[in-house]
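Source file input-v6.cif; content: mmCIF, C-alpha atoms and all ligand atoms.
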```cif
data_protein
#
loop_
_atom_site.label_atom_id
_atom_site.label_comp_id
_atom_site.auth_asym_id
_atom_site.auth_seq_id
_atom_site.Cartn_x
_atom_site.Cartn_y
_atom_site.Cartn_z
CA GLY O 1 -13.03 12.19 15.04
CA LEU O 2 -13.65 15.27 12.87
CA ASP O 3 -17.24 16.58 13.10
CA ILE O 4 -17.37 18.61 9.89
CA ALA O 5 -20.95 19.88 10.39
CA ASN O 6 -20.08 21.19 13.83
CA LEU O 7 -16.89 22.74 12.52
CA LEU O 8 -18.67 24.63 9.81
CA ASN O 9 -21.12 25.91 12.41
CA THR O 10 -18.41 27.17 14.70
CA THR O 11 -15.73 28.43 12.30
CA GLY O 12 -17.51 29.24 9.05
CA ALA O 13 -16.01 27.89 5.84
CA VAL O 14 -12.26 27.31 6.08
CA THR O 15 -9.97 25.52 3.67
CA TYR O 16 -8.12 22.60 5.19
CA ASP O 17 -4.77 22.35 3.45
CA PRO O 18 -2.07 20.72 5.61
CA GLY O 19 1.41 21.65 4.41
CA PHE O 20 -0.14 24.41 2.26
CA MET O 21 -0.05 22.14 -0.78
CA ASN O 22 -2.56 24.34 -2.63
CA THR O 23 -2.60 27.61 -0.73
CA ALA O 24 -0.85 30.69 -2.11
CA ASN O 25 0.08 33.00 0.74
CA THR O 26 1.29 35.93 -1.34
CA GLU O 27 1.78 37.45 -4.75
CA SER O 28 5.45 37.73 -5.65
CA ALA O 29 7.50 39.06 -8.57
CA ILE O 30 10.79 37.44 -7.53
CA THR O 31 11.01 33.78 -8.52
CA TYR O 32 9.09 31.72 -11.05
CA ILE O 33 8.94 27.93 -10.84
CA ASP O 34 7.17 25.53 -13.18
CA GLY O 35 7.45 22.22 -11.36
CA ALA O 36 6.03 20.13 -14.18
CA GLU O 37 8.50 21.50 -16.73
CA GLY O 38 11.47 21.82 -14.37
CA ILE O 39 11.79 25.60 -14.88
CA LEU O 40 13.32 28.04 -12.40
CA ARG O 41 13.79 31.77 -13.09
CA TYR O 42 14.90 34.66 -10.89
CA ARG O 43 13.21 37.90 -11.94
CA GLY O 44 12.56 36.28 -15.32
CA TYR O 45 16.14 35.10 -15.96
CA PRO O 46 16.55 31.31 -16.39
CA ILE O 47 18.66 29.70 -13.67
CA GLU O 48 20.86 28.01 -16.30
CA GLN O 49 21.86 31.39 -17.79
CA LEU O 50 22.51 32.93 -14.40
CA ALA O 51 24.62 29.96 -13.27
CA GLU O 52 26.65 30.17 -16.46
CA ASN O 53 27.15 33.92 -16.79
CA SER O 54 26.48 35.70 -13.53
CA SER O 55 28.04 36.01 -10.09
CA PHE O 56 26.43 35.44 -6.71
CA GLN O 57 26.85 39.11 -5.86
CA GLU O 58 25.09 40.11 -9.08
CA VAL O 59 22.26 37.62 -8.44
CA THR O 60 21.91 38.97 -4.91
CA TYR O 61 21.43 42.46 -6.34
CA LEU O 62 18.99 41.15 -8.94
CA LEU O 63 16.81 39.36 -6.39
CA ILE O 64 16.71 42.27 -3.95
CA TYR O 65 16.40 45.21 -6.35
CA GLY O 66 14.62 43.54 -9.28
CA GLU O 67 17.08 44.32 -12.09
CA LEU O 68 20.61 43.28 -12.99
CA PRO O 69 23.04 45.95 -11.75
CA THR O 70 25.09 48.14 -14.07
CA ALA O 71 28.86 47.77 -13.61
CA GLN O 72 28.83 50.88 -11.39
CA GLN O 73 25.89 49.68 -9.31
CA LEU O 74 27.55 46.31 -8.79
CA ASP O 75 30.79 47.97 -7.80
CA ASP O 76 29.05 50.22 -5.27
CA PHE O 77 27.06 47.32 -3.87
CA ASP O 78 30.18 45.22 -3.57
CA SER O 79 32.12 47.98 -1.74
CA LEU O 80 29.21 48.54 0.62
CA THR O 81 28.96 44.89 1.62
CA ARG O 82 32.76 44.52 1.89
CA ARG O 83 32.92 47.44 4.31
CA HIS O 84 30.50 45.80 6.77
CA THR O 85 31.92 42.31 7.22
CA LEU O 86 33.31 42.90 10.72
CA LEU O 87 31.28 41.79 13.72
CA ASN O 88 30.99 43.85 16.87
CA GLU O 89 33.82 42.62 19.08
CA GLU O 90 31.36 41.79 21.86
CA LEU O 91 29.43 39.49 19.58
CA LYS O 92 32.57 37.36 19.37
CA ASN O 93 32.15 36.46 23.04
CA PHE O 94 28.87 34.87 22.13
CA PHE O 95 30.64 32.05 20.31
CA GLY O 96 32.56 31.11 23.45
CA GLY O 97 29.32 30.22 25.21
CA PHE O 98 28.46 27.26 23.01
CA PRO O 99 29.79 23.73 23.48
CA ARG O 100 32.95 22.97 21.55
CA ASP O 101 31.17 20.61 19.13
CA ALA O 102 28.11 22.82 18.64
CA HIS O 103 26.33 22.39 15.32
CA PRO O 104 26.98 25.60 13.36
CA MET O 105 23.31 26.07 12.30
CA PRO O 106 21.90 26.94 15.74
CA VAL O 107 25.04 29.02 16.36
CA LEU O 108 24.31 30.88 13.11
CA SER O 109 20.64 31.51 13.89
CA SER O 110 21.48 32.68 17.42
CA ALA O 111 24.12 35.13 16.21
CA VAL O 112 21.86 36.47 13.43
CA SER O 113 19.11 36.97 15.99
CA ALA O 114 21.61 38.78 18.25
CA LEU O 115 22.32 41.35 15.51
CA SER O 116 19.05 43.03 16.57
CA THR O 117 20.73 43.98 19.84
CA TYR O 118 23.67 45.74 18.15
CA TYR O 119 21.89 47.72 15.43
CA PRO O 120 18.90 49.60 16.85
CA ASP O 121 19.26 52.00 13.90
CA SER O 122 18.25 49.35 11.37
CA LEU O 123 15.24 47.67 12.92
CA ASP O 124 12.27 49.56 11.45
CA PRO O 125 10.85 47.38 8.67
CA PHE O 126 9.07 50.33 7.05
CA ASP O 127 11.84 52.93 7.01
CA PRO O 128 13.63 52.60 3.64
CA ASP O 129 17.00 53.81 5.01
CA GLN O 130 16.87 51.37 7.90
CA VAL O 131 15.84 48.53 5.62
CA GLU O 132 18.81 49.35 3.38
CA ARG O 133 21.19 49.36 6.35
CA SER O 134 19.92 46.06 7.73
CA THR O 135 20.20 44.56 4.23
CA TYR O 136 23.88 45.27 3.67
CA ARG O 137 24.78 44.60 7.29
CA LEU O 138 23.20 41.16 7.11
CA LEU O 139 24.65 40.34 3.67
CA ALA O 140 28.12 41.29 4.91
CA LYS O 141 27.99 39.80 8.40
CA LEU O 142 26.28 36.47 7.84
CA PRO O 143 29.33 35.00 6.02
CA THR O 144 31.57 36.19 8.89
CA ILE O 145 29.24 34.59 11.44
CA ALA O 146 29.18 31.38 9.38
CA ALA O 147 33.00 31.28 9.24
CA TYR O 148 33.22 31.94 13.00
CA ALA O 149 30.72 29.13 13.66
CA TYR O 150 32.96 26.84 11.62
CA LYS O 151 36.15 27.92 13.42
CA LYS O 152 34.39 27.37 16.72
CA SER O 153 33.43 23.81 15.70
CA VAL O 154 37.05 22.93 14.88
CA GLY O 155 38.58 24.74 17.85
CA GLN O 156 40.65 27.17 15.78
CA PRO O 157 41.06 30.92 16.30
CA MET O 158 38.67 33.13 14.36
CA LEU O 159 40.05 35.32 11.59
CA TYR O 160 39.03 38.90 11.04
CA PRO O 161 37.68 39.27 7.50
CA ASP O 162 40.08 40.45 4.80
CA ASN O 163 38.06 42.94 2.80
CA SER O 164 40.46 42.90 -0.13
CA LEU O 165 38.78 39.59 -0.97
CA ASP O 166 35.30 39.20 -2.41
CA LEU O 167 32.48 37.58 -0.46
CA VAL O 168 33.22 33.98 -1.40
CA GLY O 169 37.02 34.32 -1.17
CA ASN O 170 36.71 36.01 2.20
CA PHE O 171 34.38 33.31 3.49
CA LEU O 172 36.74 30.52 2.35
CA ARG O 173 39.67 32.26 4.01
CA GLY O 174 37.56 32.77 7.15
CA CYS O 175 36.96 29.01 7.28
CA PHE O 176 40.25 27.56 6.10
CA GLY O 177 42.82 30.30 6.71
CA VAL O 178 45.08 30.30 9.76
CA PRO O 179 46.37 33.41 11.53
CA ALA O 180 49.80 34.69 10.44
CA GLU O 181 49.85 32.54 7.34
CA PRO O 182 48.90 33.74 3.87
CA TYR O 183 45.81 32.07 2.45
CA GLU O 184 45.80 31.16 -1.23
CA VAL O 185 42.28 31.36 -2.62
CA ASP O 186 41.73 28.64 -5.21
CA PRO O 187 39.86 30.35 -8.09
CA ASP O 188 38.23 27.07 -9.20
CA ILE O 189 36.77 26.53 -5.74
CA VAL O 190 35.62 30.16 -5.57
CA LYS O 191 33.90 29.79 -8.94
CA ALA O 192 32.21 26.49 -8.05
CA LEU O 193 31.02 27.75 -4.66
CA ASP O 194 29.79 30.98 -6.27
CA THR O 195 27.71 28.92 -8.71
CA LEU O 196 26.29 26.72 -5.93
CA LEU O 197 25.27 29.84 -4.00
CA ILE O 198 23.49 31.20 -7.10
CA LEU O 199 21.52 27.94 -7.37
CA HIS O 200 20.33 28.28 -3.77
CA ALA O 201 19.63 32.02 -3.82
CA ASP O 202 15.83 31.86 -3.92
CA HIS O 203 13.10 29.29 -4.35
CA GLU O 204 9.86 31.21 -3.79
CA GLN O 205 7.66 30.12 -0.85
CA ASN O 206 9.67 27.15 0.51
CA CYS O 207 9.54 26.35 4.23
CA SER O 208 12.29 28.74 5.37
CA THR O 209 11.20 31.63 3.12
CA SER O 210 7.57 31.38 4.12
CA THR O 211 8.83 31.30 7.73
CA VAL O 212 10.72 34.55 7.12
CA ARG O 213 7.53 36.07 5.71
CA MET O 214 5.36 34.68 8.53
CA VAL O 215 7.64 36.09 11.23
CA GLY O 216 8.03 39.34 9.28
CA SER O 217 4.25 39.68 9.01
CA SER O 218 4.22 40.44 12.75
CA GLN O 219 6.45 43.45 11.84
CA ALA O 220 9.52 41.74 13.32
CA ASN O 221 12.79 43.19 12.02
CA LEU O 222 14.93 41.65 9.27
CA PHE O 223 17.46 39.99 11.62
CA ALA O 224 14.71 38.36 13.72
CA SER O 225 12.85 37.19 10.61
CA VAL O 226 15.93 35.75 8.90
CA SER O 227 17.09 34.05 12.08
CA ALA O 228 13.75 32.17 12.08
CA GLY O 229 14.40 31.23 8.45
CA VAL O 230 17.78 29.76 9.40
CA ASN O 231 16.06 27.58 11.99
CA ALA O 232 13.49 26.36 9.47
CA LEU O 233 16.31 25.51 7.07
CA TYR O 234 18.04 23.45 9.76
CA GLY O 235 15.45 20.65 9.48
CA PRO O 236 16.46 17.48 7.59
CA ALA O 237 13.37 17.64 5.36
CA HIS O 238 14.56 21.07 4.11
CA GLY O 239 18.15 22.41 4.11
CA GLY O 240 19.42 19.68 6.40
CA ALA O 241 18.94 17.20 3.55
CA ASN O 242 22.36 17.94 1.98
CA GLU O 243 24.06 16.81 5.18
CA ALA O 244 21.75 13.79 5.39
CA VAL O 245 22.59 12.77 1.80
CA LEU O 246 26.30 12.54 2.48
CA ASN O 247 25.74 10.64 5.72
CA MET O 248 23.52 8.23 3.79
CA LEU O 249 26.12 7.70 1.04
CA LYS O 250 28.86 7.15 3.63
CA GLU O 251 26.71 4.64 5.47
CA ILE O 252 26.05 2.70 2.26
CA GLN O 253 29.80 2.71 1.59
CA ALA O 254 30.78 1.72 5.14
CA GLU O 255 28.25 -1.10 5.39
CA GLY O 256 29.06 -2.36 1.92
CA THR O 257 25.34 -2.35 1.03
CA SER O 258 24.76 -2.35 -2.72
CA PRO O 259 22.83 0.70 -3.96
CA GLU O 260 20.26 -1.75 -5.31
CA ASP O 261 19.66 -3.30 -1.87
CA PHE O 262 19.48 0.14 -0.30
CA MET O 263 16.75 1.08 -2.77
CA GLU O 264 14.73 -1.96 -1.73
CA LYS O 265 14.92 -0.71 1.87
CA VAL O 266 13.72 2.75 0.78
CA LYS O 267 10.76 1.24 -1.07
CA ASN O 268 9.69 -0.70 2.01
CA LYS O 269 7.78 2.04 3.86
CA GLU O 270 8.07 0.17 7.15
CA SER O 271 11.84 0.69 7.15
CA GLY O 272 11.19 4.43 7.57
CA VAL O 273 14.19 5.09 5.32
CA ARG O 274 13.86 7.80 2.66
CA LEU O 275 16.23 8.37 -0.16
CA MET O 276 17.62 11.70 1.01
CA GLY O 277 18.13 14.31 -1.71
CA PHE O 278 15.21 12.84 -3.66
CA GLY O 279 11.73 14.23 -4.10
CA HIS O 280 10.42 17.76 -4.07
CA ARG O 281 7.14 19.39 -3.22
CA VAL O 282 7.08 21.38 -6.45
CA TYR O 283 9.40 19.72 -9.00
CA LYS O 284 7.72 16.65 -10.41
CA ASN O 285 9.96 16.39 -13.48
CA TYR O 286 13.54 17.19 -12.56
CA ASP O 287 15.02 19.85 -10.32
CA PRO O 288 16.90 22.09 -12.81
CA ARG O 289 19.39 22.98 -10.08
CA ALA O 290 20.25 19.31 -9.59
CA ARG O 291 21.18 19.03 -13.28
CA ILE O 292 23.63 21.95 -12.97
CA VAL O 293 25.13 20.59 -9.74
CA LYS O 294 25.62 17.18 -11.31
CA GLY O 295 27.44 18.84 -14.22
CA LEU O 296 29.72 20.64 -11.74
CA ALA O 297 30.39 17.39 -9.90
CA ASP O 298 31.24 15.68 -13.20
CA ASP O 299 33.71 18.45 -14.09
CA LEU O 300 35.23 19.27 -10.75
CA LEU O 301 34.94 16.49 -8.22
CA HIS O 302 38.00 14.73 -9.48
CA LYS O 303 40.01 17.93 -9.65
CA PHE O 304 39.11 18.86 -6.05
CA GLY O 305 40.16 15.42 -4.84
CA GLY O 306 36.54 14.41 -4.14
CA ASP O 307 35.38 10.94 -3.29
CA ASP O 308 34.76 9.18 -6.60
CA GLU O 309 33.38 6.11 -4.88
CA LEU O 310 30.63 8.11 -3.14
CA PHE O 311 29.86 9.88 -6.44
CA ASP O 312 29.59 6.49 -8.05
CA ILE O 313 27.17 5.26 -5.36
CA ALA O 314 25.07 8.41 -5.85
CA GLN O 315 24.92 7.95 -9.61
CA ARG O 316 23.93 4.31 -9.22
CA LEU O 317 21.14 5.28 -6.84
CA GLU O 318 19.89 7.84 -9.35
CA GLN O 319 20.09 5.35 -12.20
CA LYS O 320 18.18 2.76 -10.20
CA ALA O 321 15.49 5.33 -9.37
CA LEU O 322 15.06 6.17 -13.05
CA GLU O 323 14.29 2.53 -13.79
CA ASP O 324 12.09 1.80 -10.81
CA ASP O 325 8.29 2.17 -10.82
CA TYR O 326 8.20 3.29 -7.16
CA PHE O 327 10.20 6.42 -8.01
CA VAL O 328 8.78 6.95 -11.49
CA GLU O 329 5.15 6.75 -10.33
CA ARG O 330 5.76 9.18 -7.47
CA LYS O 331 7.82 11.47 -9.70
CA LEU O 332 10.82 11.34 -7.39
CA TYR O 333 13.99 12.82 -8.87
CA PRO O 334 17.21 14.18 -7.39
CA ASN O 335 16.72 17.59 -5.81
CA VAL O 336 19.41 20.27 -5.45
CA ASP O 337 20.79 18.55 -2.36
CA PHE O 338 21.59 15.21 -3.92
CA TYR O 339 24.99 16.12 -5.37
CA THR O 340 25.90 19.34 -3.55
CA GLY O 341 27.28 17.58 -0.45
CA LEU O 342 29.86 15.72 -2.53
CA LEU O 343 31.16 19.02 -3.88
CA TYR O 344 31.14 20.75 -0.49
CA LYS O 345 33.07 17.86 0.98
CA ALA O 346 35.60 17.97 -1.84
CA MET O 347 36.08 21.69 -1.13
CA GLY O 348 37.04 20.75 2.43
CA PHE O 349 33.82 21.44 4.33
CA PRO O 350 32.68 18.94 6.96
CA GLU O 351 29.07 17.70 6.76
CA LYS O 352 28.00 20.01 9.60
CA MET O 353 28.71 23.03 7.42
CA PHE O 354 26.62 21.97 4.43
CA THR O 355 23.37 23.50 5.64
CA VAL O 356 25.23 26.67 6.63
CA LEU O 357 26.36 26.93 3.00
CA PHE O 358 22.73 26.58 1.96
CA ALA O 359 21.83 29.43 4.34
CA LEU O 360 24.59 31.59 2.86
CA GLY O 361 23.10 31.00 -0.57
CA ARG O 362 19.46 31.48 0.47
CA LEU O 363 20.08 34.77 2.29
CA PRO O 364 19.41 37.09 -0.70
CA GLY O 365 16.10 35.31 -1.30
CA TRP O 366 15.01 35.70 2.31
CA ILE O 367 15.91 39.38 2.25
CA ALA O 368 14.25 40.01 -1.13
CA GLN O 369 11.03 38.29 -0.01
CA TRP O 370 10.93 40.10 3.34
CA ARG O 371 11.48 43.44 1.59
CA GLU O 372 8.86 42.70 -1.05
CA MET O 373 6.36 41.93 1.70
CA ASN O 374 7.07 45.17 3.58
CA ALA O 375 7.50 47.49 0.61
CA GLN O 376 3.92 48.81 0.76
CA GLY O 377 3.84 49.09 4.57
CA PRO O 378 2.48 46.57 7.09
CA THR O 379 1.06 43.42 5.58
CA LYS O 380 -1.75 41.29 6.98
CA ILE O 381 -0.38 39.22 9.84
CA GLY O 382 0.03 35.51 8.97
CA ARG O 383 -2.53 33.63 10.99
CA PRO O 384 -3.82 30.28 9.66
CA ARG O 385 -7.04 28.73 10.95
CA GLN O 386 -7.36 25.24 12.39
CA LEU O 387 -9.87 22.43 12.64
CA TYR O 388 -10.37 21.80 16.36
CA ILE O 389 -10.66 18.09 17.18
CA GLY O 390 -10.25 18.19 20.98
CA GLU O 391 -12.72 17.74 23.83
CA SER O 392 -15.96 19.69 23.79
CA LYS O 393 -16.73 21.77 26.90
CA ARG O 394 -16.32 19.90 30.19
CA ASP O 395 -16.32 21.07 33.81
CA TYR O 396 -13.32 21.25 36.11
CA PRO O 397 -13.83 18.70 38.95
CA GLY O 398 -15.91 20.33 41.68
CA ALA O 399 -16.67 23.46 39.62
N1 LIG F 401 12.37 8.52 -0.63
C1 LIG F 401 11.38 7.61 -0.68
N2 LIG F 401 10.09 7.90 -0.85
C2 LIG F 401 9.76 9.18 -0.97
C3 LIG F 401 10.72 10.21 -0.93
C4 LIG F 401 12.07 9.84 -0.75
N3 LIG F 401 13.01 10.76 -0.69
N4 LIG F 401 10.11 11.40 -1.07
C5 LIG F 401 8.81 11.14 -1.20
N5 LIG F 401 8.59 9.80 -1.15
C6 LIG F 401 7.29 9.11 -1.32
C7 LIG F 401 6.45 9.25 -0.06
O1 LIG F 401 6.65 8.15 0.79
C8 LIG F 401 5.05 9.27 -0.64
O2 LIG F 401 4.68 7.97 -1.00
P1 LIG F 401 3.13 7.49 -0.85
O3 LIG F 401 2.35 8.38 -1.76
O4 LIG F 401 3.14 6.06 -1.25
O5 LIG F 401 2.78 7.67 0.61
C9 LIG F 401 5.22 10.06 -1.94
O6 LIG F 401 6.58 9.82 -2.34
C10 LIG F 401 4.97 11.56 -1.80
O7 LIG F 401 5.82 12.05 -0.76
P2 LIG F 401 5.43 13.22 0.24
O8 LIG F 401 6.26 13.10 1.47
O9 LIG F 401 3.93 13.26 0.41
O10 LIG F 401 5.85 14.50 -0.61
P3 LIG F 401 6.06 15.95 -0.06
O11 LIG F 401 5.87 16.87 -1.20
O12 LIG F 401 5.26 16.19 1.17
O13 LIG F 401 7.60 15.95 0.43
C11 LIG F 401 9.96 16.12 0.48
C12 LIG F 401 8.66 16.47 -0.28
C13 LIG F 401 9.86 16.59 1.94
C14 LIG F 401 11.10 16.88 -0.20
C15 LIG F 401 10.19 14.60 0.41
O14 LIG F 401 10.31 14.20 -0.94
C16 LIG F 401 11.41 14.13 1.21
O15 LIG F 401 11.27 13.88 2.41
N6 LIG F 401 12.60 14.01 0.55
C17 LIG F 401 13.82 13.63 1.24
C18 LIG F 401 14.38 14.83 1.99
C19 LIG F 401 14.98 15.86 1.04
O16 LIG F 401 15.75 15.55 0.14
N7 LIG F 401 14.63 17.14 1.30
C20 LIG F 401 15.16 18.26 0.51
C21 LIG F 401 14.02 18.96 -0.16
S1 LIG F 401 14.60 20.13 -1.32
C22 LIG F 401 15.24 21.40 -0.43
O17 LIG F 401 14.92 21.71 0.67
C23 LIG F 401 16.25 22.06 -1.13
#
```

Could you write out this structure as structure tokens?
Amino acid sequence: GLDIANLLNTTGAVTYDPGFMNTANTESAITYIDGAEGILRYRGYPIEQLAENSSFQEVTYLLIYGELPTAQQLDDFDSLTRRHTLLNEELKNFFGGFPRDAHPMPVLSSAVSALSTYYPDSLDPFDPDQVERSTYRLLAKLPTIAAYAYKKSVGQPMLYPDNSLDLVGNFLRGCFGVPAEPYEVDPDIVKALDTLLILHADHEQNCSTSTVRMVGSSQANLFASVSAGVNALYGPAHGGANEAVLNMLKEIQAEGTSPEDFMEKVKNKESGVRLMGFGHRVYKNYDPRARIVKGLADDLLHKFGGDDELFDIAQRLEQKALEDDYFVERKLYPNVDFYTGLLYKAMGFPEKMFTVLFALGRLPGWIAQWREMNAQGPTKIGRPRQLYIGESKRDYPGA
């Protein structure tokens, strides 16, 4: 029912591009992706080299400030974020208000949003000092909030952060430590989680990041903008996919379906079943992050006591996809989420926490993109057009 001639008369020429498949919303100097070649670079550095040689803290600095830090800069940055991990004691009460089995993602976004109420001295998006303060506050406090959300979901007491530990060690202790007992940080788990966080740190204008920019374009502060990004990430077509992948693998295992039969169901569109962790808007070759995650799973899953049977099902699904025209023609390959859930589970995280881990990883990207947008002062507010297809003018009865 679209009357194009009428539309052009009333709105002038507009591009109609649902899902922004072909619309660039911004220039950006942060992340480069070549979807056809399977290339991902942060500030010019290939993701493979960063995953191999860098740390999440260093990558965070790189994304936000544009260059790798010197040893001194990294040390200063690390001390600054370590000093701000505590939450205002009143914010702790917030967690008590949610149901016992609350999903940690909406808890996370609510608490991040609430940071605006505690830090009026870091809300101006155009004051460099305030932007700096909100940056390190958010980097330091989001892992604490995430650990509290986890403790809440398992009914255990929350632990104050231990700032002698680095970000990842502190977060693991916050999740798995118990009061009055020493917590041994497993360096292999710290290293693997650190690498996974690097792989998630930015991905240019994905759904959650463009949400952060859209909200920020109204001059909303960093906490409000990032909280919106957390909500966008919660959806199963975006960050929620890692949780959905594991649920899918477990269902295949529990029902004793063969991976081959499951693939037939996926190919039958009427079933409404998608192969979760497969397909990507931009990568039409292979998601370079998925290759690194699969390598980690190969090396570490066994060591962490992971579920080999689920890994086997996943690999058989991938193999089947490689040989099947449906997937080949549509250029559907594993995305970053396909194997991450298996590793998270092996580290001890329940499915509900997987998307929270994604948020922890994506935080530096959200911050870097929001800062890039505001660096030159207010940007143009994000305001897409539409094609109206509703009723033409009609009169209210009796009018
Ligand atoms: N399983 C089965 N078929 C699929 C899948 C899949 N996972 N993904 C895409 N297709 C099919 C579609 O049915 C469509 O087929 P058609 O052309 O015959 O109609 C074709 O491939 C193109 O798919 P679109 O949905 O148009 O592709 P789009 O770029 O809009 O979607 C998305 C990308 C959302 C990632 C999609 O592939 C998907 O839903 N994947 C599963 C969820 C997932 O893993 N999300 C994580 C994304 S990555 C991230 O957030 C880190």

Please identify all polymer residues within 10 Å of region 151-166 of chain O, counting only C-alpha atoms, omitting same-chain residues fewer than 4 positions from it, and present them as a compact mmCIF listing (two decimals) with C-alpha atoms, in the coordinates of the input.
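What ended up in part39.txt:
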```
# COMPACT_ATOMS: atom_id res chain seq x y z
CA GLN O 57 26.85 39.11 -5.86
CA ASP O 78 30.18 45.22 -3.57
CA SER O 79 32.12 47.98 -1.74
CA THR O 81 28.96 44.89 1.62
CA ARG O 82 32.76 44.52 1.89
CA ARG O 83 32.92 47.44 4.31
CA HIS O 84 30.50 45.80 6.77
CA THR O 85 31.92 42.31 7.22
CA LEU O 86 33.31 42.90 10.72
CA LEU O 87 31.28 41.79 13.72
CA LYS O 92 32.57 37.36 19.37
CA PHE O 95 30.64 32.05 20.31
CA GLY O 96 32.56 31.11 23.45
CA PHE O 98 28.46 27.26 23.01
CA PRO O 99 29.79 23.73 23.48
CA ARG O 100 32.95 22.97 21.55
CA ASP O 101 31.17 20.61 19.13
CA ALA O 102 28.11 22.82 18.64
CA HIS O 103 26.33 22.39 15.32
CA PRO O 104 26.98 25.60 13.36
CA VAL O 107 25.04 29.02 16.36
CA LYS O 141 27.99 39.80 8.40
CA PRO O 143 29.33 35.00 6.02
CA THR O 144 31.57 36.19 8.89
CA ILE O 145 29.24 34.59 11.44
CA ALA O 146 29.18 31.38 9.38
CA ALA O 147 33.00 31.28 9.24
CA ASN O 170 36.71 36.01 2.20
CA PHE O 171 34.38 33.31 3.49
CA LEU O 172 36.74 30.52 2.35
CA ARG O 173 39.67 32.26 4.01
CA GLY O 174 37.56 32.77 7.15
CA CYS O 175 36.96 29.01 7.28
CA PHE O 176 40.25 27.56 6.10
CA GLY O 177 42.82 30.30 6.71
CA VAL O 178 45.08 30.30 9.76
CA PRO O 179 46.37 33.41 11.53
CA ALA O 180 49.80 34.69 10.44
CA VAL O 185 42.28 31.36 -2.62
CA VAL O 190 35.62 30.16 -5.57
CA PRO O 350 32.68 18.94 6.96
CA LYS O 352 28.00 20.01 9.60
CA MET O 353 28.71 23.03 7.42
```

The residues within 9 Å of (10.6, 36.2, 13.1), using all atoms listed in the file and the coordinates of the file, should be reported as an mmCIF file with C-alpha atoms, in the frame of the given file; which are they?
```cif
data_model
loop_
_atom_site.group_PDB
_atom_site.id
_atom_site.type_symbol
_atom_site.label_atom_id
_atom_site.label_comp_id
_atom_site.auth_asym_id
_atom_site.auth_seq_id
_atom_site.Cartn_x
_atom_site.Cartn_y
_atom_site.Cartn_z
ATOM 1 C CA THR O 211 8.830 31.300 7.730
ATOM 2 C CA VAL O 212 10.720 34.550 7.120
ATOM 3 C CA ARG O 213 7.530 36.070 5.710
ATOM 4 C CA MET O 214 5.360 34.680 8.530
ATOM 5 C CA VAL O 215 7.640 36.090 11.230
ATOM 6 C CA GLY O 216 8.030 39.340 9.280
ATOM 7 C CA SER O 217 4.250 39.680 9.010
ATOM 8 C CA SER O 218 4.220 40.440 12.750
ATOM 9 C CA GLN O 219 6.450 43.450 11.840
ATOM 10 C CA ALA O 220 9.520 41.740 13.320
ATOM 11 C CA ASN O 221 12.790 43.190 12.020
ATOM 12 C CA LEU O 222 14.930 41.650 9.270
ATOM 13 C CA PHE O 223 17.460 39.990 11.620
ATOM 14 C CA ALA O 224 14.710 38.360 13.720
ATOM 15 C CA SER O 225 12.850 37.190 10.610
ATOM 16 C CA VAL O 226 15.930 35.750 8.900
ATOM 17 C CA SER O 227 17.090 34.050 12.080
ATOM 18 C CA ALA O 228 13.750 32.170 12.080
ATOM 19 C CA GLY O 229 14.400 31.230 8.450
#
```

Separation of CA of Asp308 (chain O) from CA of Leu343 (chain O), in Å and rounded to one decimal: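 Straight-line distance from CA of Asp308 (chain O) to CA of Leu343 (chain O) works out to 10.8 Å.
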
Interatomic distance (Å, one decimal) between CA of Leu80 (chain O) and CA of Gly66 (chain O):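 Spanning CA of Leu80 (chain O) to CA of Gly66 (chain O) is a straight-line distance of 18.3 Å.
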
d(CA of Glu58 (chain O), CA of Leu138 (chain O)) in Å: 16.3 Å

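Residue nearest ligand LIG 401 (chain F), chosen from O:Pro288, O:Gly277, O:Pro364, O:Gly272 and counting all atoms listed in the file: O:Gly277.
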
Non-local contacts of Met373 (chain O) (9 Å; only C-alpha atoms; under 2 positions in same chain excluded) as a PyMOL selection string: chain O and resi 26+28+213+216-217+368-371+375-379

Could you take the residues named above and write them with C-alpha atoms, as an mmCIF file, in the frame of the given file?
```cif
data_model
loop_
_atom_site.group_PDB
_atom_site.id
_atom_site.type_symbol
_atom_site.label_atom_id
_atom_site.label_comp_id
_atom_site.auth_asym_id
_atom_site.auth_seq_id
_atom_site.Cartn_x
_atom_site.Cartn_y
_atom_site.Cartn_z
ATOM 1 C CA THR O 26 1.290 35.930 -1.340
ATOM 2 C CA SER O 28 5.450 37.730 -5.650
ATOM 3 C CA ARG O 213 7.530 36.070 5.710
ATOM 4 C CA GLY O 216 8.030 39.340 9.280
ATOM 5 C CA SER O 217 4.250 39.680 9.010
ATOM 6 C CA ALA O 368 14.250 40.010 -1.130
ATOM 7 C CA GLN O 369 11.030 38.290 -0.010
ATOM 8 C CA TRP O 370 10.930 40.100 3.340
ATOM 9 C CA ARG O 371 11.480 43.440 1.590
ATOM 10 C CA ALA O 375 7.500 47.490 0.610
ATOM 11 C CA GLN O 376 3.920 48.810 0.760
ATOM 12 C CA GLY O 377 3.840 49.090 4.570
ATOM 13 C CA PRO O 378 2.480 46.570 7.090
ATOM 14 C CA THR O 379 1.060 43.420 5.580
#
```

Who sits within 12 Å of Pro69 (chain O), only C-alpha atoms, same chain under 4 positions skipped, as an MDAnalysis selection string: chainID O and resid 54:55 57:65 73:78

Counting all atoms listed in the file, the option among O:Gln386, O:Ile367, O:Ser392, O:Ala114 closest to Tyr136 (chain O): O:Ile367
